[in-house]
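**Student:** Dropping in structure11.txt, with compact mmCIF, C-alpha atoms and all ligand atoms.
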```txt
# COMPACT_ATOMS: atom_id res chain seq x y z
CA SER A 1 0.00 0.00 0.00
CA THR A 2 1.10 3.59 -0.72
CA LYS A 3 1.44 6.02 2.15
CA LEU A 4 -0.74 9.08 1.49
CA ARG A 5 -1.26 12.30 3.35
CA VAL A 6 -4.92 13.08 4.05
CA SER A 7 -4.83 16.08 1.70
CA GLU A 8 -3.55 13.83 -1.10
CA ALA A 9 -6.21 11.21 -0.43
CA LEU A 10 -8.93 13.87 -0.52
CA THR A 11 -8.07 15.02 -4.04
CA GLY A 12 -9.71 11.82 -5.28
CA ALA A 13 -6.85 11.15 -7.69
CA GLU A 14 -6.05 7.84 -6.00
CA VAL A 15 -9.52 6.29 -5.98
CA GLY A 16 -9.19 2.50 -6.17
CA ALA A 17 -5.67 2.47 -4.74
CA ASP A 18 -4.48 0.48 -1.76
CA VAL A 19 -3.25 3.15 0.66
CA LYS A 20 -2.00 3.78 4.17
CA VAL A 21 -3.01 6.91 6.08
CA GLN A 22 -1.66 8.03 9.46
CA GLY A 23 -3.11 10.68 11.72
CA TRP A 24 -5.30 11.56 14.69
CA VAL A 25 -8.96 10.67 15.16
CA ARG A 26 -11.27 13.69 15.03
CA SER A 27 -14.61 11.90 15.42
CA VAL A 28 -15.90 8.36 15.89
CA ARG A 29 -19.38 6.95 15.33
CA SER A 30 -20.42 3.31 15.75
CA GLN A 31 -23.37 1.68 14.06
CA LYS A 32 -24.57 -1.89 14.17
CA ASN A 33 -22.51 -3.11 11.24
CA ASN A 34 -19.97 -0.34 10.74
CA ILE A 35 -17.80 2.18 12.48
CA PHE A 36 -17.07 5.55 10.93
CA PHE A 37 -14.28 7.83 11.98
CA HIS A 38 -12.37 10.85 10.65
CA VAL A 39 -8.59 11.01 10.46
CA ASN A 40 -6.70 14.29 10.35
CA ASP A 41 -2.95 14.58 9.85
CA GLY A 42 -2.59 18.37 9.71
CA SER A 43 -2.10 18.44 5.94
CA SER A 44 -5.46 20.15 5.56
CA LEU A 45 -8.41 21.33 7.60
CA LYS A 46 -10.49 18.48 6.19
CA SER A 47 -10.30 14.98 7.62
CA LEU A 48 -10.60 11.70 5.76
CA GLN A 49 -13.58 9.52 6.58
CA VAL A 50 -12.77 5.89 7.30
CA VAL A 51 -15.39 3.14 7.12
CA ALA A 52 -14.71 -0.18 8.85
CA GLY A 53 -16.65 -3.29 9.75
CA ALA A 54 -17.89 -3.37 13.35
CA GLU A 55 -15.60 -6.35 14.03
CA MET A 56 -12.58 -4.05 13.53
CA ASN A 57 -13.59 -1.83 16.43
CA ASP A 58 -11.00 -1.34 19.12
CA PRO A 59 -11.77 0.21 22.54
CA LEU A 60 -8.60 2.30 22.09
CA LEU A 61 -9.97 3.88 18.91
CA THR A 62 -11.25 7.09 20.49
CA PHE A 63 -11.37 10.81 19.80
CA GLY A 64 -7.78 12.09 19.92
CA SER A 65 -6.03 8.74 19.46
CA ALA A 66 -3.32 8.27 16.83
CA VAL A 67 -4.04 5.68 14.15
CA GLU A 68 -2.64 4.03 11.07
CA VAL A 69 -5.22 2.77 8.61
CA THR A 70 -4.67 0.70 5.47
CA GLY A 71 -7.39 0.02 2.97
CA ILE A 72 -8.88 0.95 -0.38
CA LEU A 73 -9.81 4.52 -1.30
CA LYS A 74 -13.38 4.57 -2.59
CA LYS A 75 -15.50 7.23 -4.19
CA SER A 76 -17.81 8.34 -1.41
CA PRO A 77 -21.58 7.92 -1.77
CA HIS A 78 -22.00 11.18 0.18
CA GLN A 79 -21.89 14.70 -1.23
CA LYS A 80 -19.86 16.10 1.65
CA GLN A 81 -16.61 14.30 0.89
CA PRO A 82 -15.27 13.08 -2.45
CA VAL A 83 -13.61 9.93 -1.11
CA GLU A 84 -13.58 7.63 1.89
CA LEU A 85 -11.20 4.94 3.04
CA GLU A 86 -12.56 1.43 3.35
CA ALA A 87 -10.40 0.00 6.11
CA GLU A 88 -8.74 -3.39 5.90
CA GLN A 89 -6.53 -2.88 8.87
CA ILE A 90 -6.58 -0.38 11.74
CA ARG A 91 -3.72 0.04 14.16
CA VAL A 92 -4.09 2.35 17.13
CA VAL A 93 -0.58 3.81 17.42
CA GLY A 94 -1.25 5.91 20.50
CA GLY A 95 -4.34 5.78 22.69
CA CYS A 96 -6.02 8.87 24.16
CA ASN A 97 -8.24 8.61 27.21
CA PRO A 98 -11.30 10.69 26.31
CA VAL A 99 -12.07 11.38 29.97
CA ASP A 100 -8.72 13.06 30.56
CA PHE A 101 -8.33 14.63 27.10
CA PRO A 102 -9.12 18.34 27.53
CA PHE A 103 -10.91 18.62 24.18
CA LYS A 104 -14.30 17.05 23.73
CA ILE A 105 -15.72 15.57 20.60
CA LYS A 106 -17.99 17.88 18.55
CA GLU A 107 -17.41 20.83 20.85
CA ARG A 108 -16.10 24.15 19.60
CA HIS A 109 -13.59 25.31 22.18
CA SER A 110 -12.94 29.04 22.49
CA LEU A 111 -9.55 30.52 21.62
CA GLU A 112 -9.27 31.61 25.28
CA TYR A 113 -9.78 28.04 26.45
CA ILE A 114 -7.29 26.42 24.09
CA ARG A 115 -4.72 29.14 24.87
CA GLN A 116 -4.37 27.57 28.31
CA LEU A 117 -3.16 24.36 26.62
CA PRO A 118 -0.19 25.45 24.51
CA HIS A 119 1.03 21.86 24.16
CA LEU A 120 -2.27 20.60 22.77
CA ARG A 121 -4.01 23.44 21.01
CA CYS A 122 -2.50 22.53 17.62
CA ARG A 123 -4.87 19.52 17.72
CA THR A 124 -7.87 21.80 17.29
CA ASN A 125 -9.18 22.85 13.88
CA ALA A 126 -8.89 26.56 14.59
CA PHE A 127 -5.30 26.52 15.74
CA SER A 128 -4.07 24.07 13.13
CA SER A 129 -5.66 26.25 10.44
CA LEU A 130 -3.95 29.25 11.96
CA LEU A 131 -0.55 27.60 11.88
CA ARG A 132 -0.95 26.47 8.28
CA ILE A 133 -1.87 30.04 7.33
CA ARG A 134 1.10 31.36 9.31
CA SER A 135 3.41 29.00 7.46
CA GLU A 136 1.99 30.00 4.06
CA ALA A 137 2.23 33.71 4.93
CA THR A 138 5.88 33.23 5.92
CA ALA A 139 6.63 31.60 2.58
CA ALA A 140 4.67 34.32 0.73
CA ILE A 141 6.68 37.09 2.36
CA HIS A 142 10.00 35.40 1.54
CA SER A 143 8.78 34.94 -2.05
CA TYR A 144 7.85 38.59 -2.36
CA PHE A 145 11.32 39.71 -1.38
CA LYS A 146 13.04 37.10 -3.50
CA ASP A 147 10.98 38.11 -6.53
CA HIS A 148 11.89 41.76 -6.00
CA GLY A 149 15.64 41.38 -5.78
CA PHE A 150 16.10 41.58 -1.99
CA VAL A 151 18.88 39.67 -0.26
CA GLN A 152 17.86 37.99 3.00
CA ILE A 153 20.15 38.79 5.91
CA HIS A 154 20.22 36.82 9.16
CA THR A 155 20.50 39.70 11.59
CA PRO A 156 21.70 38.74 15.06
CA ILE A 157 19.45 37.86 17.98
CA ILE A 158 22.05 39.00 20.49
CA THR A 159 23.22 42.58 20.08
CA SER A 160 24.83 45.40 22.03
CA ASN A 161 22.59 48.15 20.63
CA ASP A 162 19.13 49.42 21.51
CA CYS A 163 17.89 50.33 18.05
CA GLU A 164 14.64 51.90 19.17
CA GLY A 165 16.09 53.59 22.24
CA ALA A 166 12.92 52.79 24.12
CA GLY A 167 14.62 50.92 26.97
CA GLU A 168 12.57 47.76 26.50
CA LEU A 169 15.58 45.46 26.38
CA PHE A 170 16.06 41.96 27.74
CA LYS A 171 19.59 41.55 29.02
CA VAL A 172 21.57 38.46 27.99
CA GLU A 173 23.87 36.96 30.61
CA PRO A 174 25.42 33.53 30.96
CA SER A 175 24.24 31.43 33.84
CA GLY A 176 26.38 28.64 35.21
CA PRO A 177 29.22 27.91 37.55
CA ASP A 178 31.93 28.90 35.03
CA PHE A 179 30.93 32.52 35.03
CA GLY A 180 31.51 34.92 37.86
CA ASP A 181 28.91 37.50 38.78
CA ASP A 182 31.01 40.47 37.81
CA GLU A 183 32.36 39.06 34.58
CA GLU A 184 30.64 40.16 31.37
CA PHE A 185 30.56 37.40 28.76
CA PHE A 186 30.76 39.73 25.76
CA SER A 187 32.77 42.39 27.66
CA VAL A 188 29.91 44.78 26.90
CA PRO A 189 26.28 44.67 27.98
CA ALA A 190 24.36 42.45 25.54
CA PHE A 191 20.65 42.23 24.83
CA LEU A 192 18.07 40.37 22.79
CA THR A 193 17.40 42.41 19.66
CA VAL A 194 14.40 44.77 19.47
CA SER A 195 14.94 45.27 15.72
CA GLY A 196 17.38 44.20 13.02
CA GLN A 197 17.22 47.60 11.37
CA LEU A 198 20.73 48.85 12.15
CA HIS A 199 22.27 45.61 10.89
CA LEU A 200 20.15 45.87 7.75
CA GLU A 201 21.38 49.44 7.25
CA VAL A 202 24.94 48.07 7.24
CA MET A 203 24.00 45.54 4.55
CA SER A 204 21.92 47.95 2.46
CA GLY A 205 25.24 49.75 1.88
CA ALA A 206 26.38 46.79 -0.21
CA PHE A 207 23.29 45.00 -1.51
CA SER A 208 20.91 47.98 -2.00
CA ARG A 209 17.86 45.89 -1.03
CA VAL A 210 17.88 43.67 2.01
CA TYR A 211 15.40 42.15 4.40
CA THR A 212 15.22 40.04 7.53
CA PHE A 213 12.37 38.05 9.06
CA GLY A 214 12.95 36.75 12.54
CA PRO A 215 12.13 36.97 16.21
CA THR A 216 12.45 40.27 18.07
CA PHE A 217 12.10 40.88 21.77
CA ARG A 218 10.66 43.67 23.87
CA ALA A 219 10.26 43.82 27.59
CA GLU A 220 6.89 45.52 27.37
CA ASN A 221 5.03 45.40 30.62
CA SER A 222 1.83 45.32 28.72
CA GLN A 223 -1.01 42.80 28.85
CA SER A 224 -2.55 44.20 25.70
CA ARG A 225 -4.05 42.11 22.93
CA ARG A 226 -1.47 43.38 20.43
CA HIS A 227 1.86 43.16 22.30
CA LEU A 228 4.13 40.20 22.93
CA ALA A 229 7.55 39.97 24.57
CA GLU A 230 8.71 37.82 21.64
CA PHE A 231 7.28 38.51 18.22
CA PHE A 232 8.34 38.13 14.61
CA MET A 233 9.22 41.13 12.52
CA VAL A 234 9.62 41.49 8.77
CA GLU A 235 12.11 44.27 8.11
CA ALA A 236 13.31 45.72 4.82
CA GLU A 237 15.95 48.34 4.07
CA ILE A 238 16.30 49.98 0.66
CA SER A 239 19.13 52.14 -0.62
CA PHE A 240 18.62 55.06 -2.98
CA THR A 241 15.23 55.80 -1.44
CA GLU A 242 14.53 59.50 -1.44
CA SER A 243 10.89 59.75 -0.55
CA LEU A 244 8.44 58.10 1.78
CA LYS A 245 6.32 57.26 -1.29
CA ASP A 246 8.98 54.78 -2.45
CA LEU A 247 8.81 53.15 0.94
CA THR A 248 5.04 53.03 1.30
CA LYS A 249 4.85 51.47 -2.16
CA VAL A 250 6.97 48.51 -1.02
CA MET A 251 4.94 48.19 2.20
CA GLU A 252 1.69 48.15 0.27
CA ASP A 253 2.99 45.82 -2.46
CA MET A 254 4.30 43.32 0.05
CA PHE A 255 1.07 43.38 2.04
CA ARG A 256 -1.03 42.84 -1.08
CA SER A 257 1.15 40.17 -2.61
CA ALA A 258 1.44 38.09 0.58
CA THR A 259 -2.27 38.43 1.36
CA GLU A 260 -3.39 37.47 -2.13
CA ARG A 261 -1.25 34.33 -1.99
CA VAL A 262 -2.53 33.35 1.46
CA LEU A 263 -6.15 33.89 0.42
CA ALA A 264 -5.62 31.86 -2.75
CA ARG A 265 -3.75 28.95 -1.19
CA CYS A 266 -5.44 28.63 2.21
CA VAL A 267 -9.07 28.99 1.16
CA GLU A 268 -10.58 26.56 3.70
CA ASP A 269 -8.34 27.60 6.58
CA VAL A 270 -9.00 31.30 6.04
CA ASP A 271 -12.70 30.66 5.64
CA LEU A 272 -12.80 29.01 9.07
CA PHE A 273 -11.56 32.26 10.59
CA HIS A 274 -13.79 34.50 8.57
CA ARG A 275 -16.81 32.40 9.56
CA HIS A 276 -16.15 31.69 13.23
CA VAL A 277 -13.62 34.08 14.67
CA THR A 278 -15.17 37.44 15.28
CA PRO A 279 -13.22 40.20 17.00
CA GLY A 280 -14.42 40.47 20.56
CA HIS A 281 -14.33 43.32 23.02
CA ARG A 282 -11.63 45.91 23.03
CA TRP A 283 -11.40 46.82 26.68
CA GLY A 284 -8.00 47.76 28.07
CA CYS A 285 -6.29 49.34 25.05
CA ASP A 286 -4.02 52.26 25.75
CA LEU A 287 -4.73 55.76 24.55
CA MET A 288 -2.34 55.56 21.62
CA THR A 289 -4.22 52.58 20.28
CA GLU A 290 -7.47 54.49 20.62
CA HIS A 291 -6.03 57.39 18.62
CA GLU A 292 -4.87 55.06 15.89
CA LYS A 293 -8.23 53.38 15.69
CA HIS A 294 -9.97 56.73 15.53
CA LEU A 295 -7.81 57.74 12.57
CA VAL A 296 -8.50 54.50 10.72
CA LYS A 297 -12.23 54.91 11.31
CA HIS A 298 -12.11 58.53 10.26
CA CYS A 299 -10.60 57.44 6.92
CA GLY A 300 -13.39 54.94 6.24
CA ASN A 301 -12.04 51.82 7.99
CA VAL A 302 -9.27 51.15 5.50
CA PRO A 303 -5.49 50.90 5.99
CA VAL A 304 -3.97 54.36 6.49
CA PHE A 305 -0.43 55.68 6.18
CA VAL A 306 0.43 58.35 8.73
CA THR A 307 3.57 60.32 7.82
CA ASP A 308 5.93 62.97 9.16
CA TYR A 309 5.88 62.36 12.90
CA PRO A 310 7.25 64.98 15.30
CA TYR A 311 11.05 64.91 15.56
CA ASP A 312 11.06 64.43 19.32
CA LEU A 313 8.92 61.30 19.16
CA LYS A 314 11.09 59.27 16.80
CA PRO A 315 14.40 57.44 17.38
CA PHE A 316 17.75 58.99 16.46
CA TYR A 317 17.91 57.35 13.03
CA ALA A 318 14.79 59.01 11.58
CA ARG A 319 15.55 61.58 8.86
CA ASP A 320 15.06 65.21 9.83
CA ASN A 321 12.58 67.03 7.57
CA GLN A 322 14.14 70.34 8.69
CA ASP A 323 10.77 72.01 8.59
CA GLN A 324 10.93 74.38 11.54
CA PRO A 325 8.86 75.44 13.43
CA ARG A 326 6.82 72.19 13.32
CA HIS A 327 9.90 70.06 13.05
CA THR A 328 9.06 66.59 11.82
CA THR A 329 10.86 63.48 10.58
CA ALA A 330 10.32 61.44 7.43
CA ALA A 331 8.71 58.60 9.36
CA VAL A 332 5.66 56.59 8.41
CA ASP A 333 3.34 54.18 10.20
CA LEU A 334 0.79 51.95 8.53
CA LEU A 335 -2.38 51.73 10.61
CA VAL A 336 -4.99 49.07 9.91
CA PRO A 337 -8.58 48.55 11.08
CA GLY A 338 -9.01 46.71 14.35
CA ILE A 339 -5.30 46.66 15.18
CA GLY A 340 -3.78 50.12 14.85
CA GLU A 341 -0.07 50.17 14.03
CA LEU A 342 0.99 47.34 11.74
CA CYS A 343 4.22 48.76 10.26
CA GLY A 344 6.67 51.44 11.30
CA GLY A 345 9.28 52.86 8.98
CA SER A 346 11.27 55.93 7.99
CA LEU A 347 13.89 57.44 5.80
CA ARG A 348 17.15 57.26 7.73
CA GLU A 349 19.33 60.26 8.50
CA GLU A 350 22.20 59.81 6.03
CA ARG A 351 23.74 63.27 6.54
CA LEU A 352 26.77 62.90 8.79
CA ASP A 353 26.59 66.30 10.50
CA LEU A 354 22.88 66.00 11.34
CA LEU A 355 23.25 62.44 12.57
CA MET A 356 26.23 63.34 14.76
CA ALA A 357 24.33 66.22 16.28
CA ARG A 358 21.33 64.03 16.99
CA LEU A 359 23.36 61.24 18.58
CA LYS A 360 25.10 63.82 20.75
CA GLN A 361 21.78 65.30 21.77
CA VAL A 362 20.54 61.90 23.01
CA GLY A 363 23.91 61.03 24.56
CA LEU A 364 24.73 58.14 22.25
CA GLU A 365 27.67 59.52 20.26
CA ASP A 366 30.13 57.01 21.77
CA ASN A 367 28.05 53.92 20.98
CA TYR A 368 27.55 54.46 17.29
CA SER A 369 30.89 55.30 15.68
CA TRP A 370 30.33 52.36 13.31
CA TYR A 371 26.91 53.74 12.39
CA LEU A 372 28.49 57.12 11.63
CA ASP A 373 31.05 55.34 9.43
CA LEU A 374 28.19 54.22 7.19
CA ARG A 375 27.62 57.95 6.55
CA ARG A 376 31.30 58.50 5.79
CA PHE A 377 31.89 55.73 3.27
CA GLY A 378 29.56 55.83 0.31
CA ALA A 379 26.41 56.96 2.08
CA VAL A 380 23.18 57.10 0.11
CA PRO A 381 19.65 58.17 0.96
CA HIS A 382 17.92 55.06 2.27
CA GLY A 383 14.95 53.93 4.28
CA GLY A 384 13.12 50.91 5.54
CA PHE A 385 10.31 49.58 7.64
CA GLY A 386 9.30 46.79 10.01
CA LEU A 387 6.03 44.88 9.91
CA GLY A 388 4.79 43.03 12.99
CA PHE A 389 4.08 39.56 11.61
CA GLU A 390 1.60 38.56 14.34
CA ARG A 391 -0.33 41.82 13.90
CA TYR A 392 -0.40 41.10 10.17
CA LEU A 393 -2.03 37.72 10.86
CA GLN A 394 -4.49 39.33 13.28
CA CYS A 395 -5.35 41.85 10.61
CA ILE A 396 -6.05 39.45 7.74
CA LEU A 397 -7.87 36.89 9.92
CA GLY A 398 -9.75 39.15 12.33
CA VAL A 399 -8.18 37.57 15.41
CA ASP A 400 -8.69 39.73 18.48
CA ASN A 401 -5.79 38.58 20.64
CA ILE A 402 -2.18 38.41 19.45
CA LYS A 403 -1.57 35.39 21.72
CA ASP A 404 -3.76 33.35 19.38
CA VAL A 405 -1.63 33.82 16.26
CA ILE A 406 1.78 32.60 17.51
CA PRO A 407 2.62 28.99 18.39
CA PHE A 408 4.04 29.72 21.84
CA PRO A 409 3.25 33.24 23.12
CA ARG A 410 5.59 34.99 25.56
CA PHE A 411 4.37 37.95 27.56
CA SER A 412 4.91 39.33 31.04
CA HIS A 413 4.25 36.69 33.73
CA SER A 414 3.87 33.97 31.11
CA CYS A 415 6.48 31.73 29.55
CA LEU A 416 4.70 28.38 29.34
CA LEU A 417 6.61 25.44 27.86
O1 LIG B 501 7.43 50.43 15.09
P1 LIG B 501 8.56 49.54 15.52
O2 LIG B 501 9.06 49.69 16.89
O3 LIG B 501 9.70 49.79 14.43
C1 LIG B 501 10.98 49.31 14.51
O4 LIG B 501 11.42 48.54 15.32
C2 LIG B 501 11.82 49.75 13.33
N1 LIG B 501 13.23 49.70 13.74
C3 LIG B 501 11.53 48.83 12.15
C4 LIG B 501 12.30 49.21 10.94
O5 LIG B 501 12.14 50.31 10.44
N2 LIG B 501 13.13 48.32 10.44
O6 LIG B 501 8.12 48.02 15.30
C5 LIG B 501 7.70 47.57 14.02
C6 LIG B 501 6.40 46.81 14.13
C7 LIG B 501 5.26 47.60 14.74
O7 LIG B 501 4.64 48.41 13.78
C8 LIG B 501 4.35 46.51 15.25
O8 LIG B 501 3.54 45.98 14.21
C9 LIG B 501 5.33 45.42 15.65
O9 LIG B 501 6.56 45.70 15.01
N3 LIG B 501 5.53 45.41 17.11
C10 LIG B 501 5.05 44.45 17.93
N4 LIG B 501 4.32 43.36 17.68
C11 LIG B 501 4.02 42.58 18.73
N5 LIG B 501 4.40 42.81 20.01
C12 LIG B 501 5.15 43.90 20.30
N6 LIG B 501 5.56 44.11 21.54
C13 LIG B 501 5.50 44.78 19.23
N7 LIG B 501 6.22 45.92 19.16
C14 LIG B 501 6.23 46.27 17.86
MG MG B 502 6.35 51.94 15.87
```
Now, as a test, write the supplied structure out as structure tokens.

**Tutor:**
Amino acid sequence: STKLRVSEALTGAEVGADVKVQGWVRSVRSQKNNIFFHVNDGSSLKSLQVVAGAEMNDPLLTFGSAVEVTGILKKSPHQKQPVELEAEQIRVVGGCNPVDFPFKIKERHSLEYIRQLPHLRCRTNAFSSLLRIRSEATAAIHSYFKDHGFVQIHTPIITSNDCEGAGELFKVEPSGPDFGDDEEFFSVPAFLTVSGQLHLEVMSGAFSRVYTFGPTFRAENSQSRRHLAEFFMVEAEISFTESLKDLTKVMEDMFRSATERVLARCVEDVDLFHRHVTPGHRWGCDLMTEHEKHLVKHCGNVPVFVTDYPYDLKPFYARDNQDQPRHTTAAVDLLVPGIGELCGGSLREERLDLLMARLKQVGLEDNYSWYLDLRRFGAVPHGGFGLGFERYLQCILGVDNIKDVIPFPRFSHSCLL
């Protein structure tokens, strides 16, 4: 018999074949002469129906158990599924006591409930759909950049800089008997990265177009539904960029291209969210979030670019618009309905004298001599942005809480598993 994934079996292409399918039981029903059960192996939202003679029943064949079934794929007499598997042999690989199993057959468990079970929630339809969509969206974003001539850079997780200057750093220190308390492993204070931007700026000086897509860390003491301590960020940096328009075009293009691919390739998974997951209450958002949501609403509940933020509100790298007396920077945020800020970006200050003055003003002139070098050796106007990947998923799927779009959420007072 040929081993098939459930998604392959369900195409119907193998009708008549002798096949083997492995997966987890999603429902079981016994009748006088037959038992019916559904097997899911994560390859699709849909499960494969298995039909077996009553004599093949096994007390261990329960909701949640792992099974291996061999038999013949038949065209199904029912409209709902194209094929079913007529079992010749059933092997329960791993039993699952239905009394202890925290999910119950035919029940729809809330996202809040399954969040308490980070080691098991991937067994539910909703969360497995979410993770398939997340995987497809990841691939779509990498494709976008590859198709547009960007070089992917693995920016470091451990760094000695605080790119955003917001003081939300996690410190990295060795722990173990070989290291004394007063000894610094890297000889300088080291932190988990809050953004790969500065490393991308280095690389944009050689490759023109670069991006990174990896975990970033912020010690936000926030229990909000859109902040995590560990989240994934998509960051791009583009040389020879002279206006925010060039930047917003890439942001918009990437968003569209990734979303179109996800909607086209994950039809059933996305549909599950659009049917069942409705944004809930919004209590507990901070004022900033409220402002952002007001703006989005004011513009007709569509994505909105907000540009030219006040100079004093943006980090040292943002390009000075030199527009006294208002005094703004060439920074841009993309705000989206229901979430608020999805992307933050800016042109970077490439003028050596202005950058030096700014670093001095914020007391950082000693830390960034290498960053100033980039302005000394072949500097060009450049800019970039960062997109919060979990917020992106919330946005396209309508998921209220950011903890429900990442496999293992980390936030203050919670680091399960
Ligand atoms: O706006 P931020 O702080 O921008 C930067 O870090 C820039 N250095 C990026 C760049 O230009 N290369 O963060 C970018 C995005 C935000 O718009 C938001 O979507 C997301 O990252 N984000 C978070 N997502 C989840 N949890 C958090 N704690 C987040 N903080 C920021
Ligand atoms: Mg921001």

**Student:** Could you state the separation of atom CA of A:Gln22 and atom CA of A:Val69 in Å, given to one decimal place?

**Tutor:**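 Separation between atom CA of A:Gln22 and atom CA of A:Val69: 6.4 Å.
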
**Student:** Identify, on the basis of all atoms listed in the file, every residue whose closest approach to A:Val194 does not exceed 9 Å; exclude the query and any residue fewer than 3 positions from it along the same chain; express the result as a list in words.

**Tutor:**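 Here the answer would be Ile157, Asn161, Asp162, Cys163, Glu164, Glu168, Leu169, Phe170, Phe191, Pro215, Thr216, Phe217 and Arg218 of chain A.
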
**Student:** Name the residues, by chain letter and number, that sit within 8 Å of ligand LIG 501 (chain B) using all atoms listed in the file, and give them as a VMD selection string.

**Tutor:** chain A and resid 163 to 164 194 to 198 200 217 to 220 226 to 237 333 to 334 341 to 346 383 to 392 402

**Student:** Could you give me the axis-aligned bounding box of stretch 257-266 of chain A, with 8 Å of padding per side, as centre plus edge lengths in Å to one decimal, as JSON?

**Tutor:**
```
{"center_x": -2.4, "center_y": 34.4, "center_z": -0.3, "size_x": 23.6, "size_y": 27.5, "size_z": 21.0}
```

**Student:** Ranking A:Cys299, A:Pro189, A:Lys20, A:Pro156 by minimum distance to A:Asn367 and counting only C-alpha atoms, which one comes first?

**Tutor:** A:Pro189

**Student:** Which is closest to ligand MG 502 (chain B) among A:Met288, A:Val25, A:Ala126, A:Ile141, if we use only C-alpha atoms and all ligand atoms?

**Tutor:**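 Result for the nearest residue to ligand MG 502 (chain B): A:Met288.
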
**Student:** Using all atoms listed in the file, find the one residue out of A:Val172, A:Val250, A:Ala166, A:Val296 that sits nearest to ligand MG 502 (chain B).

**Tutor:**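 Nearest candidate to ligand MG 502 (chain B) out of A:Val172, A:Val250, A:Ala166, A:Val296: A:Ala166.
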
**Student:** Considering only C-alpha atoms, return as a list in words whatever protein or nucleic-acid residues lie within 12 Å of A:Asn34, sequence-local ones (same chain, fewer than 6 positions apart) excluded.

**Tutor:**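 Answer for this query is Val28, Val50, Val51, Ala52, Gly53, Ala54, Glu55, Met56, Asn57, Glu86 and Ala87 of chain A.
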
**Student:** Mind giving me the straight-line distance from atom CA of A:Cys96 to atom CA of A:Ser1 in Å, one decimal?

**Tutor:**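 Straight-line distance from atom CA of A:Cys96 to atom CA of A:Ser1 works out to 26.4 Å.
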
**Student:** One decimal, in Å: what's the spacing between atom CA of A:Gln361 and atom CA of A:Gly165?

**Tutor:** 13.0 Å

**Student:** Within 7 Å of (14.2, 60.3, 10.1) (file coordinates; all atoms listed in the file), which protein or nucleic acid residues are there? I'd like them as a PyMOL selection string.

**Tutor:** chain A and resi 317-320+329-331+346-349

**Student:** Nearest to ligand MG 502 (chain B) among A:Ser369, A:His413, A:Val306, A:His327, with distances taken over all atoms listed in the file: which residue is it?

**Tutor:** A:Val306

**Student:** Just add N, CA and C atoms to stretch 129-140 of chain A and send it as a tab-separated table (two decimals), in the coordinates of the input.

**Tutor:**
```
chain	number	residue	atom	x	y	z
A	129	SER	N	-5.46	25.37	11.60
A	129	SER	CA	-5.66	26.25	10.44
A	129	SER	C	-4.77	27.48	10.56
A	130	LEU	N	-4.76	28.06	11.74
A	130	LEU	CA	-3.95	29.25	11.96
A	130	LEU	C	-2.48	29.00	11.63
A	131	LEU	N	-1.97	27.87	12.09
A	131	LEU	CA	-0.55	27.60	11.88
A	131	LEU	C	-0.24	27.26	10.42
A	132	ARG	N	-1.18	26.67	9.72
A	132	ARG	CA	-0.95	26.47	8.28
A	132	ARG	C	-0.93	27.81	7.56
A	133	ILE	N	-1.84	28.71	7.95
A	133	ILE	CA	-1.87	30.04	7.33
A	133	ILE	C	-0.57	30.78	7.66
A	134	ARG	N	-0.13	30.68	8.89
A	134	ARG	CA	1.10	31.36	9.31
A	134	ARG	C	2.29	30.87	8.48
A	135	SER	N	2.33	29.57	8.25
A	135	SER	CA	3.41	29.00	7.46
A	135	SER	C	3.35	29.49	6.02
A	136	GLU	N	2.15	29.53	5.45
A	136	GLU	CA	1.99	30.00	4.06
A	136	GLU	C	2.35	31.48	3.96
A	137	ALA	N	1.93	32.27	4.95
A	137	ALA	CA	2.23	33.71	4.93
A	137	ALA	C	3.73	33.94	5.02
A	138	THR	N	4.42	33.13	5.81
A	138	THR	CA	5.88	33.23	5.92
A	138	THR	C	6.51	33.00	4.55
A	139	ALA	N	6.09	31.92	3.90
A	139	ALA	CA	6.63	31.60	2.58
A	139	ALA	C	6.31	32.71	1.58
A	140	ALA	N	5.10	33.27	1.67
A	140	ALA	CA	4.67	34.32	0.73
A	140	ALA	C	5.54	35.57	0.89
```
